[in-house]
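Asks: Below is one structure. I have some questions about it.
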Amino acid sequence: MNMQRITLPILPLSLFLLPGGITRLRIFESRYLKMVRIASQGQGFVIQLHHKETKVSNKAWGSWVEIINFSQAEDGILEIDVKCKSLVEIESTYSDIDNLQHGDIKAMEHWSKTPATPVIDELSQSLQRVIESNYILRELYTETATDNPNWVVARWLEILPVHLTHKNVFIDKLTFEESKDFVKAIIYK
């Protein structure tokens, strides 16, 4: 993906999201409501993997997301569904007057966006069962790509209850095969 550097708002969050991944966020702080206003003008925003207890990344990176749905929860809080379109390097950051962080970003290549041909029926079928049995996942993933091995492995990496420091290595150092083997080792232990 060729892209010039652009500046986007940044949301630091303990969330691992790969290209094609969808999640729901609850937005209530004024600086993040401002972020939603900026993001809804077309470019989106970046979710930067952040963990309070440990530093999970040697380099600044994040998931560049676009807002695909707005709703209001029963408690009145704004909920947005976002979809990751690319992983990005965050090259420099600054905070504005409202303490909203912004960063200059550049798209990163990632294995989840390259063609994969291996058949992974058992992982696909088990992921489909998980999505169908989980209300929120079923609501977020109205369209699935369980016939796409990259999509399947990426979704498993996102939902597996594995510490963020372990997931962090899957942003650039490992291939599809290594990612698939990691997922299989956990699921079929």
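FYI, nothing fancy with the structure tokens labels: chains A, B, ... in order, residues from 1 per chain, ligands from 1 as they appear.
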Can you pull out the residues contacting A:Pro115? Cut-off 10 Å, using only C-alpha atoms, and skip same-chain residues under 3 positions away; I want them as a compact mmCIF listing (two decimals) with all heavy atoms, in the first residue's frame.

Replies:
# COMPACT_ATOMS: atom_id res chain seq x y z
N TRP A 111 1.01 -9.36 6.65
CA TRP A 111 0.69 -10.65 6.03
C TRP A 111 -0.82 -10.85 5.84
O TRP A 111 -1.24 -11.57 4.94
CB TRP A 111 1.28 -11.82 6.83
CG TRP A 111 0.83 -11.87 8.27
CD1 TRP A 111 1.52 -11.39 9.35
CD2 TRP A 111 -0.39 -12.40 8.77
NE1 TRP A 111 0.79 -11.58 10.49
CE2 TRP A 111 -0.38 -12.22 10.17
CE3 TRP A 111 -1.49 -13.03 8.19
CZ2 TRP A 111 -1.43 -12.63 11.00
CZ3 TRP A 111 -2.54 -13.44 9.00
CH2 TRP A 111 -2.50 -13.24 10.39
N SER A 112 -1.64 -10.22 6.66
CA SER A 112 -3.09 -10.45 6.57
C SER A 112 -3.70 -9.85 5.31
O SER A 112 -4.84 -10.16 4.98
CB SER A 112 -3.79 -9.87 7.80
OG SER A 112 -3.69 -8.47 7.82
N PRO A 118 -3.44 -21.72 1.64
CA PRO A 118 -3.64 -22.95 2.41
C PRO A 118 -5.08 -23.10 2.90
O PRO A 118 -5.73 -22.13 3.27
CB PRO A 118 -2.68 -22.83 3.58
CG PRO A 118 -2.06 -21.51 3.50
CD PRO A 118 -2.53 -20.82 2.27
N ASN A 148 -11.33 -17.35 3.65
CA ASN A 148 -10.05 -16.66 3.47
C ASN A 148 -9.15 -16.98 4.66
O ASN A 148 -9.40 -16.52 5.77
CB ASN A 148 -10.28 -15.15 3.36
CG ASN A 148 -9.00 -14.37 3.21
OD1 ASN A 148 -7.93 -14.77 3.67
ND2 ASN A 148 -9.10 -13.21 2.59
N PRO A 149 -8.09 -17.78 4.45
CA PRO A 149 -7.22 -18.18 5.57
C PRO A 149 -6.64 -17.00 6.34
O PRO A 149 -6.56 -17.04 7.57
CB PRO A 149 -6.12 -18.99 4.89
CG PRO A 149 -6.70 -19.45 3.61
CD PRO A 149 -7.67 -18.38 3.19
N ASN A 150 -6.23 -15.93 5.65
CA ASN A 150 -5.67 -14.77 6.34
C ASN A 150 -6.70 -14.15 7.28
O ASN A 150 -6.39 -13.77 8.41
CB ASN A 150 -5.20 -13.71 5.34
CG ASN A 150 -3.94 -14.11 4.63
OD1 ASN A 150 -3.27 -15.05 4.99
ND2 ASN A 150 -3.61 -13.37 3.59
N PHE A 176 2.27 -15.57 7.75
CA PHE A 176 0.98 -16.23 7.91
C PHE A 176 1.16 -17.61 8.55
O PHE A 176 0.44 -17.97 9.47
CB PHE A 176 0.28 -16.38 6.54
CG PHE A 176 -0.89 -17.31 6.60
CD1 PHE A 176 -2.10 -16.88 7.10
CD2 PHE A 176 -0.77 -18.62 6.17
CE1 PHE A 176 -3.18 -17.74 7.18
CE2 PHE A 176 -1.85 -19.49 6.25
CZ PHE A 176 -3.05 -19.04 6.75

Asks: Do you know which residues are at most 10 Å from A:Leu137 counting only C-alpha atoms, after dropping those on the same chain fewer than 6 positions away, and could you put them as a PyMOL selection string?

Replies: chain A and resi 22-24+130-131+159

Asks: For the residues in the current selection, export N, CA and C atoms as an mmCIF file, in the first residue's frame.

Replies:
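What landed in selection.cif:
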data_model
loop_
_atom_site.group_PDB
_atom_site.id
_atom_site.type_symbol
_atom_site.label_atom_id
_atom_site.label_comp_id
_atom_site.auth_asym_id
_atom_site.auth_seq_id
_atom_site.Cartn_x
_atom_site.Cartn_y
_atom_site.Cartn_z
ATOM 1 N N ILE A 22 -13.116 -5.931 13.170
ATOM 2 C CA ILE A 22 -14.154 -4.986 13.572
ATOM 3 C C ILE A 22 -14.314 -5.064 15.080
ATOM 4 N N THR A 23 -14.522 -3.920 15.700
ATOM 5 C CA THR A 23 -14.797 -3.892 17.131
ATOM 6 C C THR A 23 -15.742 -2.742 17.451
ATOM 7 N N ARG A 24 -16.330 -2.820 18.622
ATOM 8 C CA ARG A 24 -17.246 -1.770 19.091
ATOM 9 C C ARG A 24 -16.574 -1.025 20.236
ATOM 10 N N VAL A 130 -17.749 -19.869 16.822
ATOM 11 C CA VAL A 130 -17.557 -18.849 17.854
ATOM 12 C C VAL A 130 -18.345 -17.593 17.503
ATOM 13 N N ILE A 131 -18.264 -17.158 16.258
ATOM 14 C CA ILE A 131 -18.993 -15.960 15.830
ATOM 15 C C ILE A 131 -20.499 -16.164 15.987
ATOM 16 N N ILE A 159 -9.223 -12.364 18.933
ATOM 17 C CA ILE A 159 -10.147 -12.770 19.997
ATOM 18 C C ILE A 159 -9.549 -13.719 21.029
#

Asks: Within 12 Å of stretch 9-12 of chain A, which residues of stretch 66-126 of chain A come that close, and what is the closest atom pair and distance in Å for each? Count only C-alpha atoms and give it as a Markdown table.

Replies:
| residue | atom | partner | partner_atom | distance |
| --- | --- | --- | --- | --- |
| A:Glu66 | CA | A:Pro9 | CA | 11.7 |
| A:Val88 | CA | A:Ile10 | CA | 11.4 |
| A:Glu89 | CA | A:Ile10 | CA | 11.9 |
| A:Ile90 | CA | A:Ile10 | CA | 9.4 |
| A:Ser92 | CA | A:Ile10 | CA | 11.2 |
| A:Thr93 | CA | A:Ile10 | CA | 8.8 |
| A:Tyr94 | CA | A:Pro9 | CA | 9.6 |
| A:Ser95 | CA | A:Pro9 | CA | 9.3 |
| A:Asp96 | CA | A:Pro9 | CA | 9.8 |
| A:Asp98 | CA | A:Pro9 | CA | 11.7 |
| A:Asn99 | CA | A:Pro9 | CA | 10.7 |
| A:Leu100 | CA | A:Pro9 | CA | 7.0 |
| A:Gln101 | CA | A:Ile10 | CA | 5.3 |
| A:His102 | CA | A:Pro9 | CA | 4.2 |
| A:Gly103 | CA | A:Pro9 | CA | 6.4 |
| A:Asp104 | CA | A:Pro9 | CA | 9.1 |
| A:Ile105 | CA | A:Pro9 | CA | 10.0 |

Asks: Include N, CA, C and O atoms and write out the residues we just selected as a tab-separated table (two decimals), in the first residue's frame.

Replies:
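part_16.tsv written:
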chain	number	residue	atom	x	y	z
A	66	GLU	N	-11.78	2.92	10.33
A	66	GLU	CA	-12.84	3.80	9.86
A	66	GLU	C	-14.10	3.44	10.64
A	66	GLU	O	-14.31	2.29	11.02
A	88	VAL	N	-0.48	0.79	10.74
A	88	VAL	CA	0.32	1.97	10.41
A	88	VAL	C	1.45	2.16	11.41
A	88	VAL	O	1.34	1.77	12.57
A	89	GLU	N	2.53	2.76	10.91
A	89	GLU	CA	3.59	3.23	11.79
A	89	GLU	C	3.22	4.65	12.22
A	89	GLU	O	2.75	5.44	11.40
A	90	ILE	N	3.43	4.95	13.48
A	90	ILE	CA	3.17	6.29	13.99
A	90	ILE	C	4.53	6.97	14.12
A	90	ILE	O	5.35	6.58	14.95
A	92	SER	N	5.34	10.45	14.42
A	92	SER	CA	5.49	11.53	15.41
A	92	SER	C	4.11	11.85	15.94
A	92	SER	O	3.10	11.63	15.28
A	93	THR	N	4.08	12.36	17.18
A	93	THR	CA	2.79	12.65	17.81
A	93	THR	C	2.83	14.01	18.50
A	93	THR	O	3.90	14.52	18.84
A	94	TYR	N	1.65	14.56	18.71
A	94	TYR	CA	1.49	15.77	19.51
A	94	TYR	C	0.09	15.74	20.11
A	94	TYR	O	-0.80	15.06	19.61
A	95	SER	N	-0.08	16.47	21.19
A	95	SER	CA	-1.41	16.60	21.82
A	95	SER	C	-1.95	17.99	21.56
A	95	SER	O	-1.21	18.97	21.65
A	96	ASP	N	-3.24	18.04	21.24
A	96	ASP	CA	-3.86	19.35	20.99
A	96	ASP	C	-4.34	19.97	22.31
A	96	ASP	O	-4.13	19.41	23.39
A	98	ASP	N	-7.16	20.08	23.64
A	98	ASP	CA	-8.11	19.24	24.36
A	98	ASP	C	-7.49	17.95	24.87
A	98	ASP	O	-8.19	17.05	25.32
A	99	ASN	N	-6.16	17.85	24.75
A	99	ASN	CA	-5.41	16.67	25.17
A	99	ASN	C	-5.72	15.44	24.31
A	99	ASN	O	-5.58	14.30	24.75
A	100	LEU	N	-6.15	15.67	23.08
A	100	LEU	CA	-6.34	14.59	22.11
A	100	LEU	C	-5.02	14.43	21.36
A	100	LEU	O	-4.47	15.40	20.85
A	101	GLN	N	-4.55	13.22	21.33
A	101	GLN	CA	-3.28	12.95	20.66
A	101	GLN	C	-3.52	12.79	19.16
A	101	GLN	O	-4.51	12.21	18.72
A	102	HIS	N	-2.58	13.31	18.35
A	102	HIS	CA	-2.60	13.17	16.90
A	102	HIS	C	-1.23	12.62	16.50
A	102	HIS	O	-0.24	12.84	17.19
A	103	GLY	N	-1.19	11.93	15.37
A	103	GLY	CA	0.09	11.40	14.91
A	103	GLY	C	0.19	11.38	13.41
A	103	GLY	O	-0.82	11.27	12.70
A	104	ASP	N	1.43	11.52	12.93
A	104	ASP	CA	1.71	11.34	11.52
A	104	ASP	C	1.88	9.85	11.28
A	104	ASP	O	2.67	9.19	11.97
A	105	ILE	N	1.12	9.33	10.32
A	105	ILE	CA	1.13	7.88	10.12
A	105	ILE	C	1.55	7.52	8.70
A	105	ILE	O	1.44	8.32	7.78

Asks: Write out as an MDAnalysis selection string which residues come within 8 Å of stretch 123-127 of chain A when counting only C-alpha atoms, dropping same-chain ones fewer than 3 positions away.

Replies: chainID A and resid 120 130:131 146:147 149 152:153 156 184

Asks: So, counting only C-alpha atoms, which residue among A:Ala107, A:Leu25, A:Val183, A:Val82 is closest to A:Ala154?

Replies: A:Val183

Asks: Can you check which residues of stretch 30-102 of chain A DSSP gives as alpha helix (DSSP H) on the backbone and send them as JSON, numbers by chain?

Replies: {"A": [30, 31, 32, 33, 34, 35, 36, 37, 38, 39]}

Asks: Could you check how far atom CA of A:Ile47 sits from atom CA of A:Ser133, in Å to one decimal?

Replies: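 About the pair atom CA of A:Ile47 and atom CA of A:Ser133: they are 26.8 Å apart.
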
Asks: List every residue of stretch 93-148 of chain A that DSSP, applied to the backbone, labels as strand (DSSP E), and write the result as a ChimeraX atom specification.

Replies: /A:93-95,101-108

Asks: Could you write out the selected residues, including C-alpha atoms, as a short mmCIF file (atom, residue, chain, number, x, y, z; two decimals), in the first residue's frame?

Replies:
data_model
loop_
_atom_site.label_atom_id
_atom_site.label_comp_id
_atom_site.auth_asym_id
_atom_site.auth_seq_id
_atom_site.Cartn_x
_atom_site.Cartn_y
_atom_site.Cartn_z
CA THR A 93 2.79 12.65 17.81
CA TYR A 94 1.49 15.77 19.51
CA SER A 95 -1.41 16.60 21.82
CA GLN A 101 -3.28 12.95 20.66
CA HIS A 102 -2.60 13.17 16.90
CA GLY A 103 0.09 11.40 14.91
CA ASP A 104 1.71 11.34 11.52
CA ILE A 105 1.13 7.88 10.12
CA LYS A 106 2.40 5.73 7.29
CA ALA A 107 0.83 2.42 6.20
CA MET A 108 2.68 -0.82 7.01
#

Asks: Which residues, written as an NGL selection string, have at least one atom at most 12 Å from A:Ile171, with only C-alpha atoms counted and residues fewer than 5 positions away on the same chain left out?

Replies: :A and (16-19 or 49 or 56-63 or 86-89 or 108-113 or 154 or 157-158 or 164-166 or 176 or 178-179)

Asks: Please save N, CA, C and O atoms of the selected residues as a compact mmCIF listing (two decimals), in the first residue's frame.

Replies:
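Once written, again_20.txt looks like this:
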# COMPACT_ATOMS: atom_id res chain seq x y z
N PHE A 16 -6.04 -5.20 20.27
CA PHE A 16 -5.26 -5.70 19.15
C PHE A 16 -6.22 -5.92 17.99
O PHE A 16 -7.14 -6.74 18.08
N LEU A 17 -6.04 -5.18 16.91
CA LEU A 17 -6.94 -5.24 15.77
C LEU A 17 -6.13 -5.25 14.49
O LEU A 17 -5.33 -4.35 14.25
N LEU A 18 -6.33 -6.27 13.67
CA LEU A 18 -5.62 -6.41 12.40
C LEU A 18 -6.53 -6.00 11.25
O LEU A 18 -7.75 -5.88 11.42
N PRO A 19 -5.97 -5.78 10.05
CA PRO A 19 -6.79 -5.39 8.90
C PRO A 19 -7.99 -6.33 8.70
O PRO A 19 -7.84 -7.55 8.74
N LEU A 49 -2.03 0.41 20.09
CA LEU A 49 -1.96 -0.61 21.13
C LEU A 49 -1.24 -0.05 22.34
O LEU A 49 -0.10 0.42 22.24
N VAL A 56 4.30 -2.70 25.30
CA VAL A 56 4.11 -3.85 24.42
C VAL A 56 4.73 -3.68 23.05
O VAL A 56 4.68 -4.59 22.24
N SER A 57 5.32 -2.55 22.77
CA SER A 57 5.84 -2.36 21.43
C SER A 57 7.17 -1.63 21.46
O SER A 57 7.36 -0.71 22.24
N ASN A 58 8.09 -2.08 20.60
CA ASN A 58 9.36 -1.39 20.46
C ASN A 58 9.23 -0.22 19.51
O ASN A 58 10.04 0.68 19.51
N LYS A 59 8.22 -0.26 18.66
CA LYS A 59 7.99 0.86 17.76
C LYS A 59 6.53 1.28 17.86
O LYS A 59 5.67 0.49 18.23
N ALA A 60 6.29 2.51 17.54
CA ALA A 60 4.94 3.04 17.61
C ALA A 60 4.16 2.59 16.38
O ALA A 60 4.54 2.89 15.26
N TRP A 61 3.10 1.86 16.61
CA TRP A 61 2.25 1.40 15.52
C TRP A 61 0.80 1.41 16.00
O TRP A 61 0.53 1.53 17.19
N GLY A 62 -0.10 1.27 15.06
CA GLY A 62 -1.50 1.23 15.42
C GLY A 62 -2.35 0.67 14.31
O GLY A 62 -1.85 0.32 13.23
N SER A 63 -3.64 0.57 14.58
CA SER A 63 -4.62 0.08 13.63
C SER A 63 -5.40 1.29 13.11
O SER A 63 -6.07 1.97 13.88
N SER A 86 -5.90 -0.82 7.83
CA SER A 86 -4.47 -1.00 7.65
C SER A 86 -3.77 -0.86 8.99
O SER A 86 -4.27 -0.17 9.88
N LEU A 87 -2.62 -1.50 9.11
CA LEU A 87 -1.73 -1.20 10.22
C LEU A 87 -0.86 -0.04 9.78
O LEU A 87 -0.56 0.09 8.59
N VAL A 88 -0.48 0.79 10.74
CA VAL A 88 0.32 1.97 10.41
C VAL A 88 1.45 2.16 11.41
O VAL A 88 1.34 1.77 12.57
N GLU A 89 2.53 2.76 10.91
CA GLU A 89 3.59 3.23 11.79
C GLU A 89 3.22 4.65 12.22
O GLU A 89 2.75 5.44 11.40
N MET A 108 1.72 0.28 6.91
CA MET A 108 2.68 -0.82 7.01
C MET A 108 2.16 -1.99 6.19
O MET A 108 0.95 -2.23 6.14
N GLU A 109 3.05 -2.74 5.60
CA GLU A 109 2.67 -3.99 4.96
C GLU A 109 2.37 -5.01 6.06
O GLU A 109 2.99 -5.00 7.12
N HIS A 110 1.42 -5.90 5.81
CA HIS A 110 1.09 -6.93 6.79
C HIS A 110 0.65 -8.21 6.08
O HIS A 110 -0.04 -8.15 5.06
N TRP A 111 1.01 -9.36 6.65
CA TRP A 111 0.69 -10.65 6.03
C TRP A 111 -0.82 -10.85 5.84
O TRP A 111 -1.24 -11.57 4.94
N SER A 112 -1.64 -10.22 6.66
CA SER A 112 -3.09 -10.45 6.57
C SER A 112 -3.70 -9.85 5.31
O SER A 112 -4.84 -10.16 4.98
N LYS A 113 -2.94 -9.02 4.60
CA LYS A 113 -3.46 -8.40 3.38
C LYS A 113 -2.85 -9.00 2.11
O LYS A 113 -3.05 -8.48 1.03
N ALA A 154 -6.30 -13.98 11.35
CA ALA A 154 -6.29 -12.63 11.95
C ALA A 154 -7.39 -12.50 13.00
O ALA A 154 -7.17 -11.94 14.07
N LEU A 157 -6.42 -14.36 16.12
CA LEU A 157 -5.41 -13.63 16.89
C LEU A 157 -6.04 -12.50 17.70
O LEU A 157 -5.62 -12.20 18.82
N GLU A 158 -7.05 -11.86 17.15
CA GLU A 158 -7.72 -10.76 17.85
C GLU A 158 -8.52 -11.24 19.06
O GLU A 158 -8.50 -10.61 20.11
N LEU A 164 -1.20 -9.14 25.45
CA LEU A 164 -0.85 -8.26 24.34
C LEU A 164 0.62 -8.34 23.93
O LEU A 164 0.94 -8.16 22.77
N THR A 165 1.51 -8.64 24.86
CA THR A 165 2.92 -8.75 24.49
C THR A 165 3.14 -9.91 23.53
O THR A 165 4.03 -9.84 22.68
N HIS A 166 2.35 -10.97 23.66
CA HIS A 166 2.46 -12.10 22.73
C HIS A 166 1.84 -11.76 21.38
O HIS A 166 2.36 -12.14 20.34
N PHE A 176 2.27 -15.57 7.75
CA PHE A 176 0.98 -16.23 7.91
C PHE A 176 1.16 -17.61 8.55
O PHE A 176 0.44 -17.97 9.47
N GLU A 178 3.50 -18.84 10.51
CA GLU A 178 3.83 -18.74 11.93
C GLU A 178 2.61 -18.31 12.74
O GLU A 178 2.38 -18.81 13.84
N SER A 179 1.83 -17.40 12.19
CA SER A 179 0.62 -16.94 12.86
C SER A 179 -0.38 -18.08 12.99
O SER A 179 -0.98 -18.29 14.05
